[in-house]
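Chemist: Here you go, this is input-v4.cif (mmCIF, C-alpha atoms).
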```cif
data_data
#
loop_
_atom_site.group_PDB
_atom_site.id
_atom_site.type_symbol
_atom_site.label_atom_id
_atom_site.label_comp_id
_atom_site.auth_asym_id
_atom_site.auth_seq_id
_atom_site.Cartn_x
_atom_site.Cartn_y
_atom_site.Cartn_z
ATOM 1 C CA MET A 9 -4.010 21.722 -17.854
ATOM 2 C CA SER A 10 -5.454 19.005 -15.632
ATOM 3 C CA ILE A 11 -3.726 17.859 -12.484
ATOM 4 C CA PHE A 12 -4.054 14.705 -10.409
ATOM 5 C CA GLU A 13 -2.401 14.089 -7.059
ATOM 6 C CA LEU A 14 -2.227 10.840 -5.141
ATOM 7 C CA LYS A 15 -0.554 10.065 -1.841
ATOM 8 C CA ILE A 16 0.244 6.427 -1.187
ATOM 9 C CA PRO A 17 1.853 4.826 1.861
ATOM 10 C CA ALA A 18 5.540 4.053 1.285
ATOM 11 C CA ASP A 19 4.762 0.354 1.213
ATOM 12 C CA PRO A 20 5.472 -2.085 -1.660
ATOM 13 C CA LYS A 21 1.908 -3.375 -1.617
ATOM 14 C CA TYR A 22 0.576 0.019 -2.750
ATOM 15 C CA VAL A 23 2.972 0.682 -5.634
ATOM 16 C CA MET A 24 0.476 -1.073 -7.874
ATOM 17 C CA VAL A 25 -2.064 1.661 -7.031
ATOM 18 C CA ALA A 26 0.339 4.329 -8.293
ATOM 19 C CA ARG A 27 1.064 2.318 -11.443
ATOM 20 C CA MET A 28 -2.599 1.770 -12.209
ATOM 21 C CA THR A 29 -3.474 5.426 -11.588
ATOM 22 C CA ALA A 30 -0.766 6.613 -13.971
ATOM 23 C CA SER A 31 -1.753 4.122 -16.645
ATOM 24 C CA ALA A 32 -5.447 5.075 -16.325
ATOM 25 C CA VAL A 33 -4.649 8.759 -16.847
ATOM 26 C CA ALA A 34 -2.299 7.933 -19.719
ATOM 27 C CA GLY A 35 -5.087 5.951 -21.329
ATOM 28 C CA ARG A 36 -7.505 8.872 -21.011
ATOM 29 C CA VAL A 37 -4.957 11.193 -22.615
ATOM 30 C CA GLY A 38 -4.819 8.911 -25.639
ATOM 31 C CA PHE A 39 -1.476 7.170 -25.534
ATOM 32 C CA ASP A 40 -1.265 3.807 -27.298
ATOM 33 C CA LEU A 41 -1.177 0.624 -25.227
ATOM 34 C CA GLY A 42 2.585 0.149 -25.492
ATOM 35 C CA THR A 43 3.250 3.698 -24.312
ATOM 36 C CA ILE A 44 0.767 3.311 -21.477
ATOM 37 C CA ASP A 45 2.723 0.247 -20.349
ATOM 38 C CA ASP A 46 5.971 2.227 -20.571
ATOM 39 C CA ILE A 47 4.525 4.981 -18.374
ATOM 40 C CA LYS A 48 3.201 2.401 -15.920
ATOM 41 C CA GLN A 49 6.660 0.810 -15.776
ATOM 42 C CA ALA A 50 8.441 4.113 -15.206
ATOM 43 C CA VAL A 51 6.083 5.104 -12.391
ATOM 44 C CA GLY A 52 6.512 1.698 -10.768
ATOM 45 C CA GLU A 53 10.300 1.983 -10.898
ATOM 46 C CA ALA A 54 10.237 5.516 -9.455
ATOM 47 C CA CYS A 55 7.976 4.420 -6.589
ATOM 48 C CA ASN A 56 10.209 1.399 -5.934
ATOM 49 C CA ASN A 57 13.211 3.702 -5.642
ATOM 50 C CA ALA A 58 11.308 6.014 -3.319
ATOM 51 C CA ILE A 59 10.583 3.085 -1.012
ATOM 52 C CA ARG A 60 13.907 1.262 -1.254
ATOM 53 C CA HIS A 61 16.354 4.135 -1.363
ATOM 54 C CA GLY A 62 14.328 6.983 0.076
ATOM 55 C CA CYS A 63 11.737 6.305 2.684
ATOM 56 C CA GLY A 64 13.095 3.013 3.827
ATOM 57 C CA THR A 65 16.587 4.212 4.634
ATOM 58 C CA CYS A 66 16.265 7.372 6.656
ATOM 59 C CA GLY A 67 14.990 8.729 9.908
ATOM 60 C CA ASN A 68 12.945 11.478 8.254
ATOM 61 C CA ASP A 69 9.192 11.537 8.530
ATOM 62 C CA CYS A 70 8.631 9.958 5.130
ATOM 63 C CA THR A 71 5.839 7.460 5.294
ATOM 64 C CA GLU A 72 4.208 8.607 2.073
ATOM 65 C CA ILE A 73 4.985 8.937 -1.599
ATOM 66 C CA LEU A 74 3.364 11.716 -3.609
ATOM 67 C CA LEU A 75 2.372 11.076 -7.201
ATOM 68 C CA HIS A 76 1.710 14.256 -9.170
ATOM 69 C CA ILE A 77 0.332 13.902 -12.699
ATOM 70 C CA SER A 78 -0.083 16.855 -14.993
ATOM 71 C CA ILE A 79 -1.793 16.647 -18.372
ATOM 72 C CA GLN A 80 -0.170 19.326 -20.484
ATOM 73 C CA GLU A 81 -0.939 20.455 -24.001
ATOM 74 C CA ASP A 82 1.844 18.424 -25.532
ATOM 75 C CA ALA A 83 2.841 15.964 -22.829
ATOM 76 C CA LEU A 84 2.001 13.963 -19.754
ATOM 77 C CA GLU A 85 4.248 14.896 -16.851
ATOM 78 C CA ILE A 86 4.490 12.676 -13.798
ATOM 79 C CA THR A 87 6.477 13.388 -10.653
ATOM 80 C CA VAL A 88 7.152 10.868 -7.902
ATOM 81 C CA HIS A 89 8.278 12.565 -4.724
ATOM 82 C CA ASP A 90 9.506 11.167 -1.442
ATOM 83 C CA ARG A 91 10.861 12.866 1.663
ATOM 84 C CA GLY A 92 13.716 10.439 2.185
ATOM 85 C CA GLU A 93 17.349 11.260 2.770
ATOM 86 C CA GLY A 94 18.117 11.852 -0.908
ATOM 87 C CA PHE A 95 21.087 10.939 -3.048
ATOM 88 C CA THR A 96 23.340 12.467 -5.693
ATOM 89 C CA PRO A 97 21.745 11.707 -9.052
ATOM 90 C CA LEU A 98 23.788 11.076 -12.172
ATOM 91 C CA ASP A 99 23.141 12.853 -15.475
ATOM 92 C CA SER A 100 22.473 9.527 -17.105
ATOM 93 C CA TYR A 101 22.301 5.900 -16.118
ATOM 94 C CA LYS A 102 24.210 3.702 -18.504
ATOM 95 C CA GLU A 103 23.124 0.282 -19.639
ATOM 96 C CA ILE A 104 24.234 -2.598 -17.492
ATOM 97 C CA ASP A 105 27.524 -4.379 -18.101
ATOM 98 C CA ILE A 106 26.862 -7.988 -19.047
ATOM 99 C CA SER A 107 30.418 -8.875 -20.008
ATOM 100 C CA ASP A 108 31.083 -10.864 -16.829
ATOM 101 C CA TYR A 109 28.207 -13.007 -15.623
ATOM 102 C CA ASN A 110 29.725 -13.183 -12.150
ATOM 103 C CA ASP A 111 29.398 -9.403 -11.813
ATOM 104 C CA LEU A 112 25.889 -8.978 -13.196
ATOM 105 C CA PRO A 113 24.066 -6.372 -11.118
ATOM 106 C CA GLU A 114 21.114 -7.502 -9.043
ATOM 107 C CA SER A 115 19.915 -3.953 -8.371
ATOM 108 C CA GLY A 116 20.284 -0.446 -9.704
ATOM 109 C CA MET A 117 18.453 -0.923 -13.007
ATOM 110 C CA GLY A 118 15.410 1.197 -12.159
ATOM 111 C CA LEU A 119 16.638 4.654 -13.156
ATOM 112 C CA MET A 120 18.157 3.315 -16.367
ATOM 113 C CA ILE A 121 14.779 1.792 -17.264
ATOM 114 C CA ILE A 122 12.994 5.073 -16.499
ATOM 115 C CA GLN A 123 15.397 7.054 -18.681
ATOM 116 C CA SER A 124 15.011 4.552 -21.498
ATOM 117 C CA LEU A 125 11.224 4.618 -21.467
ATOM 118 C CA MET A 126 10.422 8.291 -20.902
ATOM 119 C CA ASP A 127 11.192 11.285 -23.145
ATOM 120 C CA GLU A 128 12.506 13.561 -20.401
ATOM 121 C CA VAL A 129 13.621 12.697 -16.879
ATOM 122 C CA VAL A 130 14.779 15.198 -14.271
ATOM 123 C CA ILE A 131 15.895 13.959 -10.869
ATOM 124 C CA SER A 132 16.321 16.416 -8.023
ATOM 125 C CA SER A 133 17.378 15.253 -4.613
ATOM 126 C CA SER A 134 18.564 16.689 -1.330
ATOM 127 C CA ALA A 135 18.903 15.523 2.249
ATOM 128 C CA THR A 136 16.323 18.042 3.438
ATOM 129 C CA GLU A 137 13.769 18.042 0.620
ATOM 130 C CA GLY A 138 13.861 14.398 -0.402
ATOM 131 C CA THR A 139 13.828 13.182 -3.980
ATOM 132 C CA SER A 140 11.668 14.062 -6.965
ATOM 133 C CA VAL A 141 11.726 12.075 -10.172
ATOM 134 C CA CYS A 142 9.975 14.133 -12.835
ATOM 135 C CA MET A 143 9.180 12.187 -16.009
ATOM 136 C CA LYS A 144 7.640 13.461 -19.185
ATOM 137 C CA LYS A 145 6.115 11.602 -22.124
ATOM 138 C CA MET A 146 5.395 13.697 -25.183
ATOM 139 C CA LEU A 147 2.053 13.410 -26.929
ATOM 140 C CA ILE A 148 2.377 12.784 -30.623
ATOM 141 C CA THR A 149 -0.403 14.332 -32.629
ATOM 142 C CA THR A 150 -0.969 13.368 -36.231
ATOM 143 C CA THR A 151 -2.631 15.532 -38.792
ATOM 144 C CA ILE A 152 -4.609 13.912 -41.556
ATOM 145 C CA SER A 153 -4.628 16.143 -44.576
ATOM 146 C CA GLY A 154 -7.200 15.677 -47.304
ATOM 147 C CA THR A 155 -6.811 16.148 -51.029
ATOM 148 C CA GLU A 156 -8.292 19.145 -52.765
ATOM 149 C CA MET B 7 10.613 -10.759 4.686
ATOM 150 C CA THR B 8 8.025 -12.458 2.536
ATOM 151 C CA GLY B 9 5.864 -10.056 0.556
ATOM 152 C CA ARG B 10 2.695 -12.099 0.447
ATOM 153 C CA ILE B 11 1.375 -15.592 0.080
ATOM 154 C CA ASN B 12 1.619 -15.670 -3.670
ATOM 155 C CA LYS B 13 -0.952 -17.785 -5.427
ATOM 156 C CA ASP B 14 0.677 -16.718 -8.684
ATOM 157 C CA ILE B 15 3.717 -18.953 -8.156
ATOM 158 C CA ASN B 16 3.559 -22.591 -9.129
ATOM 159 C CA VAL B 17 6.450 -25.024 -8.737
ATOM 160 C CA ARG B 18 6.727 -28.400 -10.464
ATOM 161 C CA LYS B 19 9.630 -30.730 -9.774
ATOM 162 C CA VAL B 20 10.632 -32.669 -12.888
ATOM 163 C CA ASN B 21 13.183 -34.671 -10.911
ATOM 164 C CA ASP B 22 15.707 -34.024 -8.134
ATOM 165 C CA LYS B 23 17.795 -31.802 -10.366
ATOM 166 C CA ILE B 24 15.212 -29.985 -12.504
ATOM 167 C CA ALA B 25 12.225 -27.834 -11.569
ATOM 168 C CA VAL B 26 9.764 -25.656 -13.466
ATOM 169 C CA VAL B 27 8.506 -22.472 -11.837
ATOM 170 C CA ASN B 28 5.563 -20.529 -13.251
ATOM 171 C CA PHE B 29 5.231 -16.870 -12.362
ATOM 172 C CA SER B 30 1.824 -15.427 -13.243
ATOM 173 C CA GLY B 31 0.531 -11.898 -12.938
ATOM 174 C CA GLU B 32 2.779 -9.081 -11.808
ATOM 175 C CA MET B 33 6.320 -9.542 -10.510
ATOM 176 C CA ASP B 34 7.151 -6.416 -8.565
ATOM 177 C CA LEU B 35 8.659 -5.111 -5.352
ATOM 178 C CA TYR B 36 5.750 -6.604 -3.426
ATOM 179 C CA SER B 37 5.597 -10.080 -4.944
ATOM 180 C CA THR B 38 9.304 -10.644 -5.584
ATOM 181 C CA PRO B 39 10.242 -11.725 -2.014
ATOM 182 C CA ALA B 40 7.853 -14.691 -2.283
ATOM 183 C CA ALA B 41 9.237 -15.607 -5.701
ATOM 184 C CA LYS B 42 12.779 -15.369 -4.398
ATOM 185 C CA GLU B 43 11.862 -17.592 -1.479
ATOM 186 C CA LYS B 44 10.589 -20.299 -3.834
ATOM 187 C CA LEU B 45 13.759 -20.242 -5.932
ATOM 188 C CA THR B 46 15.921 -20.245 -2.808
ATOM 189 C CA GLU B 47 14.039 -23.258 -1.426
ATOM 190 C CA LEU B 48 14.693 -25.168 -4.646
ATOM 191 C CA MET B 49 18.387 -24.358 -4.690
ATOM 192 C CA ASP B 50 18.841 -25.021 -0.975
ATOM 193 C CA ALA B 51 17.460 -28.498 -1.728
ATOM 194 C CA GLY B 52 20.048 -29.002 -4.472
ATOM 195 C CA THR B 53 17.920 -28.210 -7.535
ATOM 196 C CA PHE B 54 20.015 -25.919 -9.717
ATOM 197 C CA ASN B 55 18.465 -26.534 -13.133
ATOM 198 C CA ILE B 56 15.439 -24.275 -13.099
ATOM 199 C CA VAL B 57 12.981 -23.347 -15.816
ATOM 200 C CA VAL B 58 11.135 -20.093 -15.187
ATOM 201 C CA ASN B 59 7.981 -19.956 -17.307
ATOM 202 C CA MET B 60 7.018 -16.320 -17.896
ATOM 203 C CA LYS B 61 4.223 -16.823 -20.390
ATOM 204 C CA HIS B 62 1.700 -15.395 -17.950
ATOM 205 C CA THR B 63 3.944 -12.772 -16.346
ATOM 206 C CA MET B 64 2.195 -9.580 -17.367
ATOM 207 C CA TYR B 65 4.499 -7.135 -15.618
ATOM 208 C CA ILE B 66 8.024 -7.290 -14.291
ATOM 209 C CA ASP B 67 10.042 -4.574 -12.600
ATOM 210 C CA SER B 68 13.763 -4.131 -11.963
ATOM 211 C CA THR B 69 13.458 -5.729 -8.518
ATOM 212 C CA ALA B 70 12.189 -8.962 -10.022
ATOM 213 C CA LEU B 71 14.769 -8.848 -12.820
ATOM 214 C CA GLY B 72 17.479 -8.454 -10.183
ATOM 215 C CA MET B 73 16.083 -11.419 -8.292
ATOM 216 C CA LEU B 74 16.228 -13.553 -11.449
ATOM 217 C CA VAL B 75 19.820 -12.423 -12.051
ATOM 218 C CA GLY B 76 20.717 -13.473 -8.506
ATOM 219 C CA ALA B 77 19.154 -16.892 -9.007
ATOM 220 C CA PHE B 78 20.866 -17.230 -12.403
ATOM 221 C CA LYS B 79 24.250 -16.534 -10.811
ATOM 222 C CA ARG B 80 23.705 -18.960 -7.944
ATOM 223 C CA ALA B 81 22.600 -21.699 -10.340
ATOM 224 C CA ARG B 82 25.723 -21.182 -12.476
ATOM 225 C CA GLU B 83 27.970 -21.272 -9.416
ATOM 226 C CA ASN B 84 26.561 -24.721 -8.714
ATOM 227 C CA ASN B 85 26.928 -26.034 -12.256
ATOM 228 C CA GLY B 86 23.273 -25.495 -13.007
ATOM 229 C CA GLU B 87 21.307 -23.074 -15.121
ATOM 230 C CA LEU B 88 18.228 -20.903 -14.923
ATOM 231 C CA ARG B 89 16.403 -20.761 -18.280
ATOM 232 C CA LEU B 90 13.426 -18.596 -19.192
ATOM 233 C CA VAL B 91 10.461 -19.832 -21.187
ATOM 234 C CA SER B 92 8.096 -17.862 -23.378
ATOM 235 C CA PRO B 93 8.347 -14.395 -21.880
ATOM 236 C CA SER B 94 5.354 -12.192 -22.609
ATOM 237 C CA ASP B 95 5.890 -9.199 -24.895
ATOM 238 C CA ARG B 96 6.192 -6.897 -21.904
ATOM 239 C CA VAL B 97 8.808 -9.058 -20.196
ATOM 240 C CA GLN B 98 10.683 -9.453 -23.492
ATOM 241 C CA LYS B 99 10.841 -5.664 -23.850
ATOM 242 C CA LEU B 100 12.347 -5.295 -20.377
ATOM 243 C CA LEU B 101 14.857 -8.071 -21.047
ATOM 244 C CA GLU B 102 15.942 -6.241 -24.205
ATOM 245 C CA LEU B 103 16.053 -2.855 -22.516
ATOM 246 C CA THR B 104 18.362 -4.172 -19.807
ATOM 247 C CA ARG B 105 20.299 -6.393 -22.265
ATOM 248 C CA LEU B 106 19.535 -9.374 -20.033
ATOM 249 C CA VAL B 107 18.122 -10.974 -23.174
ATOM 250 C CA ASN B 108 21.786 -11.702 -23.946
ATOM 251 C CA VAL B 109 22.330 -13.336 -20.551
ATOM 252 C CA PHE B 110 19.409 -15.693 -20.083
ATOM 253 C CA ASN B 111 18.793 -18.603 -22.384
ATOM 254 C CA ILE B 112 15.206 -18.333 -23.572
ATOM 255 C CA ASP B 113 13.137 -21.247 -24.876
ATOM 256 C CA LYS B 114 9.714 -21.438 -26.473
ATOM 257 C CA THR B 115 8.326 -24.229 -24.305
ATOM 258 C CA GLU B 116 8.999 -25.891 -20.971
ATOM 259 C CA ASP B 117 9.794 -29.134 -22.798
ATOM 260 C CA ASP B 118 12.384 -27.350 -24.940
ATOM 261 C CA ALA B 119 14.082 -25.994 -21.823
ATOM 262 C CA ILE B 120 13.985 -29.308 -19.972
ATOM 263 C CA SER B 121 15.476 -31.104 -22.974
ATOM 264 C CA LYS B 122 18.487 -28.745 -22.829
ATOM 265 C CA PHE B 123 19.129 -29.813 -19.242
ATOM 266 C CA ASN B 124 18.895 -33.420 -20.298
ATOM 267 C CA GLY B 125 21.461 -32.853 -23.007
ATOM 268 C CA GLU B 126 18.988 -33.381 -25.796
ATOM 269 C CA GLY B 127 19.169 -29.837 -27.127
#
```
For this file, write the structure as structure tokens.

Modeler:
Amino acid sequence: MSIFELKIPADPKYVMVARMTASAVAGRVGFDLGTIDDIKQAVGEACNNAIRHGCGTCGNDCTEILLHISIQEDALEITVHDRGEGFTPLDSYKEIDISDYNDLPESGMGLMIIQSLMDEVVISSSATEGTSVCMKKMLITTTISGTE
Amino acid sequence: MTGRINKDINVRKVNDKIAVVNFSGEMDLYSTPAAKEKLTELMDAGTFNIVVNMKHTMYIDSTALGMLVGAFKRARENNGELRLVSPSDRVQKLLELTRLVNVFNIDKTEDDAISKFNGEG
């Protein structure tokens, strides 16, 4: 198992660094281009949430976001952690309601996007420990069998 | 707060009522404030028919999508419309994922979109 860790300032201008790091590792692991983009998107959304709803809203000492990437035998696991004030996560984030254009949401789509793009998502959050968004993308291996 | 001076945003006024805005590169939490500022400037000046060309938008996040939804709603409230043109594959995927593909009108070219405003569509 190989592990990468990156600390970035909790600043929108550096989210791109987290995205690019995750996509570079995903590329090395062998994911296809579309999946690499999905992973990049999910990491970007998780970092956005860490800045907007974590670090930016509390008095804790949370000026950094930690990106932890683990290459496992059958998956790539990425955790985005902040030390913000936390929130109560839902089991799932439903698709947005577009029935009334006047009530279309202008925020709150990030976690739904993450859950749609990644194979497993576990969110743990508390006021003292901050928030971790752990996302996993399974590696699909194909076996080419020959004829005898 | 403005995120940055964004050289990736280009605005072209067709007339007093119609404008075309090109967003190139990556639309994210950092660049979205500048994009929002441009759209707000247009609407504050009374331009509520806006074409957003996304042919060269290589990445978009939920912050930028939310900003576009906000602009879409404000345009509608003022009897205008915000139409998207030629979203890249990546943007199209996000529009489908969020079901916003069913909200925005999407055209193939800027001329197609402008013609809809002019009642030629």

Chemist: Tell me which residues the PyMOL selection byres ((chain A) within 7 of (chain B)) grabs here, as a PyMOL selection string.

Modeler: chain A and resi 20-21+53+56+103-104+110+113-115+117-118

Chemist: Only C-alpha atoms, please: the residues just picked out, written as a PDB file, keeping the file's coordinate frame.

Modeler:
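Written out: result01.pdb:
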```pdb
ATOM      1  CA  PRO A  20       5.472  -2.085  -1.660  1.00  0.00           C
ATOM      2  CA  LYS A  21       1.908  -3.375  -1.617  1.00  0.00           C
ATOM      3  CA  GLU A  53      10.300   1.983 -10.898  1.00  0.00           C
ATOM      4  CA  ASN A  56      10.209   1.399  -5.934  1.00  0.00           C
ATOM      5  CA  GLU A 103      23.124   0.282 -19.639  1.00  0.00           C
ATOM      6  CA  ILE A 104      24.234  -2.598 -17.492  1.00  0.00           C
ATOM      7  CA  ASN A 110      29.725 -13.183 -12.150  1.00  0.00           C
ATOM      8  CA  PRO A 113      24.066  -6.372 -11.118  1.00  0.00           C
ATOM      9  CA  GLU A 114      21.114  -7.502  -9.043  1.00  0.00           C
ATOM     10  CA  SER A 115      19.915  -3.953  -8.371  1.00  0.00           C
ATOM     11  CA  MET A 117      18.453  -0.923 -13.007  1.00  0.00           C
ATOM     12  CA  GLY A 118      15.410   1.197 -12.159  1.00  0.00           C
TER      13      GLY A 118
END
```

Chemist: Taking 5 positions as the minimum chain separation for residues in the same chain, which residues sit within 7 Å of Gly94 (chain A) when counting only C-alpha atoms? Answer as a count of residues only.

Modeler: 6

Chemist: For CA of Val88 (chain A) and CA of Val23 (chain A), determine how far apart the two atoms are, in Å to one decimal place.

Modeler: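 These atoms are spaced 11.2 Å apart.
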
Chemist: Go ahead and compute the interatomic distance for CA of Ala81 (chain B) and CA of Arg60 (chain A), in Å to one decimal.

Modeler: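 Distance between the two atoms: 26.2 Å.
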
Chemist: Quick one: of B:Val107, B:Asn59, B:Asp117, B:Ala41, who's nearest to Val20 (chain B), counting only C-alpha atoms?

Modeler: B:Asp117

Chemist: For the atom pair CA of Val26 (chain B) and CA of Ile120 (chain B), what is the interatomic distance in Å to one decimal place?

Modeler: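 Calculated distance between CA of Val26 (chain B) and CA of Ile120 (chain B) is 8.6 Å.
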
Chemist: Find the smallest box with edges along x, y and z containing every listed atom of region 85-103 of chain B, then add 4 Å on each side and report centre and edge lengths in Å to one decimal, as AutoDock Vina command-line options.

Modeler:
```
--center_x 16.1 --center_y -14.4 --center_z -18.6 --size_x 29.6 --size_y 31.2 --size_z 20.6
```

Chemist: Leaving out Phe54 (chain B) and any residue of its chain fewer than 2 positions from it, which residues lie within 8 Å of it when counting only C-alpha atoms, given as a list in words?

Modeler: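 The neighbour list is Lys23, Ile24, Leu48, Met49, Gly52, Ile56, Ala81, Arg82, Asn84, Asn85, Gly86, Glu87 and Leu88 of chain B.
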
Chemist: Taking (2.6, -20.4, -6.2) in the file's coordinates, which residues come within 10 Å, counting only C-alpha atoms, written as a list in words?

Modeler: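 Residues lying no farther than 10 Å from the given point: Ile11, Asn12, Lys13, Asp14, Ile15, Asn16, Val17, Arg18, Val27, Asn28, Phe29, Ser30, Ala40, Ala41 and Lys44 of chain B.
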
Chemist: For the structure provided, state which residues fall under the PyMOL selection byres ((chain A and resi 47) around 10), and present them as a short mmCIF file (atom, residue, chain, number, x, y, z; two decimals) with C-alpha atoms, in the frame of the given file.

Modeler:
```cif
data_model
loop_
_atom_site.label_atom_id
_atom_site.label_comp_id
_atom_site.auth_asym_id
_atom_site.auth_seq_id
_atom_site.Cartn_x
_atom_site.Cartn_y
_atom_site.Cartn_z
CA ARG A 27 1.06 2.32 -11.44
CA MET A 28 -2.60 1.77 -12.21
CA ALA A 30 -0.77 6.61 -13.97
CA SER A 31 -1.75 4.12 -16.64
CA ALA A 34 -2.30 7.93 -19.72
CA PHE A 39 -1.48 7.17 -25.53
CA LEU A 41 -1.18 0.62 -25.23
CA GLY A 42 2.58 0.15 -25.49
CA THR A 43 3.25 3.70 -24.31
CA ILE A 44 0.77 3.31 -21.48
CA ASP A 45 2.72 0.25 -20.35
CA ASP A 46 5.97 2.23 -20.57
CA LYS A 48 3.20 2.40 -15.92
CA GLN A 49 6.66 0.81 -15.78
CA ALA A 50 8.44 4.11 -15.21
CA VAL A 51 6.08 5.10 -12.39
CA GLY A 52 6.51 1.70 -10.77
CA GLU A 53 10.30 1.98 -10.90
CA LEU A 84 2.00 13.96 -19.75
CA ILE A 86 4.49 12.68 -13.80
CA ILE A 122 12.99 5.07 -16.50
CA LEU A 125 11.22 4.62 -21.47
CA MET A 126 10.42 8.29 -20.90
CA MET A 143 9.18 12.19 -16.01
CA LYS A 144 7.64 13.46 -19.18
CA LYS A 145 6.12 11.60 -22.12
#
```

Chemist: Name every residue that the PyMOL selection byres ((chain B and resi 92) around 6) selects in this structure, writing the answer as an MDAnalysis selection string with chains first and numbers rising.

Modeler: chainID B and resid 60:61 91 93 114

Chemist: From the options A:Cys55, A:Met120, A:Ala18, A:Leu147, which residue's atoms come nearest to Glu85 (chain A), counting all atoms listed in the file?

Modeler: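 With all atoms listed in the file as the atom set, the closest residue is A:Leu147.
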
Chemist: Taking only C-alpha atoms into account, name the residue in A:Ile106, A:Leu98, A:Ile121, A:Ile79 that is nearest to Arg36 (chain A).

Modeler: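 When distances to Arg36 (chain A) are compared using only C-alpha atoms, the smallest one comes from A:Ile79.
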
Chemist: Smallest atom-to-atom distance to Ile16 (chain A): which of A:Ala58, A:Ile73, A:Ala32, A:Val37, using only C-alpha atoms?

Modeler: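 Nearest to Ile16 (chain A): A:Ile73.
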
Chemist: Nearest residue to Ser124 (chain A) out of A:Tyr101, A:Ser140, A:Glu93, A:Thr71, using all atoms listed in the file?

Modeler: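 With all atoms listed in the file as the atom set, the closest residue is A:Tyr101.
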
Chemist: Can you work out which one of B:Ile112, B:Ala25, B:Val57, B:Ala51 has the shortest atom-to-atom distance to Ser94 (chain B), counting all atoms listed in the file?

Modeler: B:Ile112

Chemist: Is it possible to add N, CA and C atoms to region 23-34 of chain A and hand it back as a PDB file, in the coordinates of the input?

Modeler:
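File produced: out39.pdb:
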```pdb
ATOM      1  N   VAL A  23       2.357   0.154  -4.405  1.00  0.00           N
ATOM      2  CA  VAL A  23       2.972   0.682  -5.634  1.00  0.00           C
ATOM      3  C   VAL A  23       2.057   0.407  -6.831  1.00  0.00           C
ATOM      4  N   MET A  24       1.389  -0.738  -6.792  1.00  0.00           N
ATOM      5  CA  MET A  24       0.476  -1.073  -7.874  1.00  0.00           C
ATOM      6  C   MET A  24      -0.596   0.005  -8.050  1.00  0.00           C
ATOM      7  N   VAL A  25      -1.043   0.610  -6.950  1.00  0.00           N
ATOM      8  CA  VAL A  25      -2.064   1.661  -7.031  1.00  0.00           C
ATOM      9  C   VAL A  25      -1.530   2.864  -7.816  1.00  0.00           C
ATOM     10  N   ALA A  26      -0.276   3.212  -7.555  1.00  0.00           N
ATOM     11  CA  ALA A  26       0.339   4.329  -8.293  1.00  0.00           C
ATOM     12  C   ALA A  26       0.472   3.973  -9.775  1.00  0.00           C
ATOM     13  N   ARG A  27       0.909   2.756 -10.046  1.00  0.00           N
ATOM     14  CA  ARG A  27       1.064   2.318 -11.443  1.00  0.00           C
ATOM     15  C   ARG A  27      -0.274   2.378 -12.189  1.00  0.00           C
ATOM     16  N   MET A  28      -1.298   1.839 -11.547  1.00  0.00           N
ATOM     17  CA  MET A  28      -2.599   1.770 -12.209  1.00  0.00           C
ATOM     18  C   MET A  28      -3.191   3.163 -12.415  1.00  0.00           C
ATOM     19  N   THR A  29      -2.976   4.051 -11.448  1.00  0.00           N
ATOM     20  CA  THR A  29      -3.474   5.426 -11.588  1.00  0.00           C
ATOM     21  C   THR A  29      -2.813   6.106 -12.783  1.00  0.00           C
ATOM     22  N   ALA A  30      -1.490   5.975 -12.862  1.00  0.00           N
ATOM     23  CA  ALA A  30      -0.766   6.613 -13.971  1.00  0.00           C
ATOM     24  C   ALA A  30      -1.203   6.036 -15.315  1.00  0.00           C
ATOM     25  N   SER A  31      -1.384   4.718 -15.359  1.00  0.00           N
ATOM     26  CA  SER A  31      -1.753   4.122 -16.645  1.00  0.00           C
ATOM     27  C   SER A  31      -3.187   4.500 -17.024  1.00  0.00           C
ATOM     28  N   ALA A  32      -4.070   4.661 -16.031  1.00  0.00           N
ATOM     29  CA  ALA A  32      -5.447   5.075 -16.325  1.00  0.00           C
ATOM     30  C   ALA A  32      -5.473   6.486 -16.910  1.00  0.00           C
ATOM     31  N   VAL A  33      -4.692   7.385 -16.322  1.00  0.00           N
ATOM     32  CA  VAL A  33      -4.649   8.759 -16.847  1.00  0.00           C
ATOM     33  C   VAL A  33      -4.019   8.761 -18.240  1.00  0.00           C
ATOM     34  N   ALA A  34      -2.959   7.998 -18.406  1.00  0.00           N
ATOM     35  CA  ALA A  34      -2.299   7.933 -19.719  1.00  0.00           C
ATOM     36  C   ALA A  34      -3.258   7.411 -20.788  1.00  0.00           C
TER      37      ALA A  34
END
```
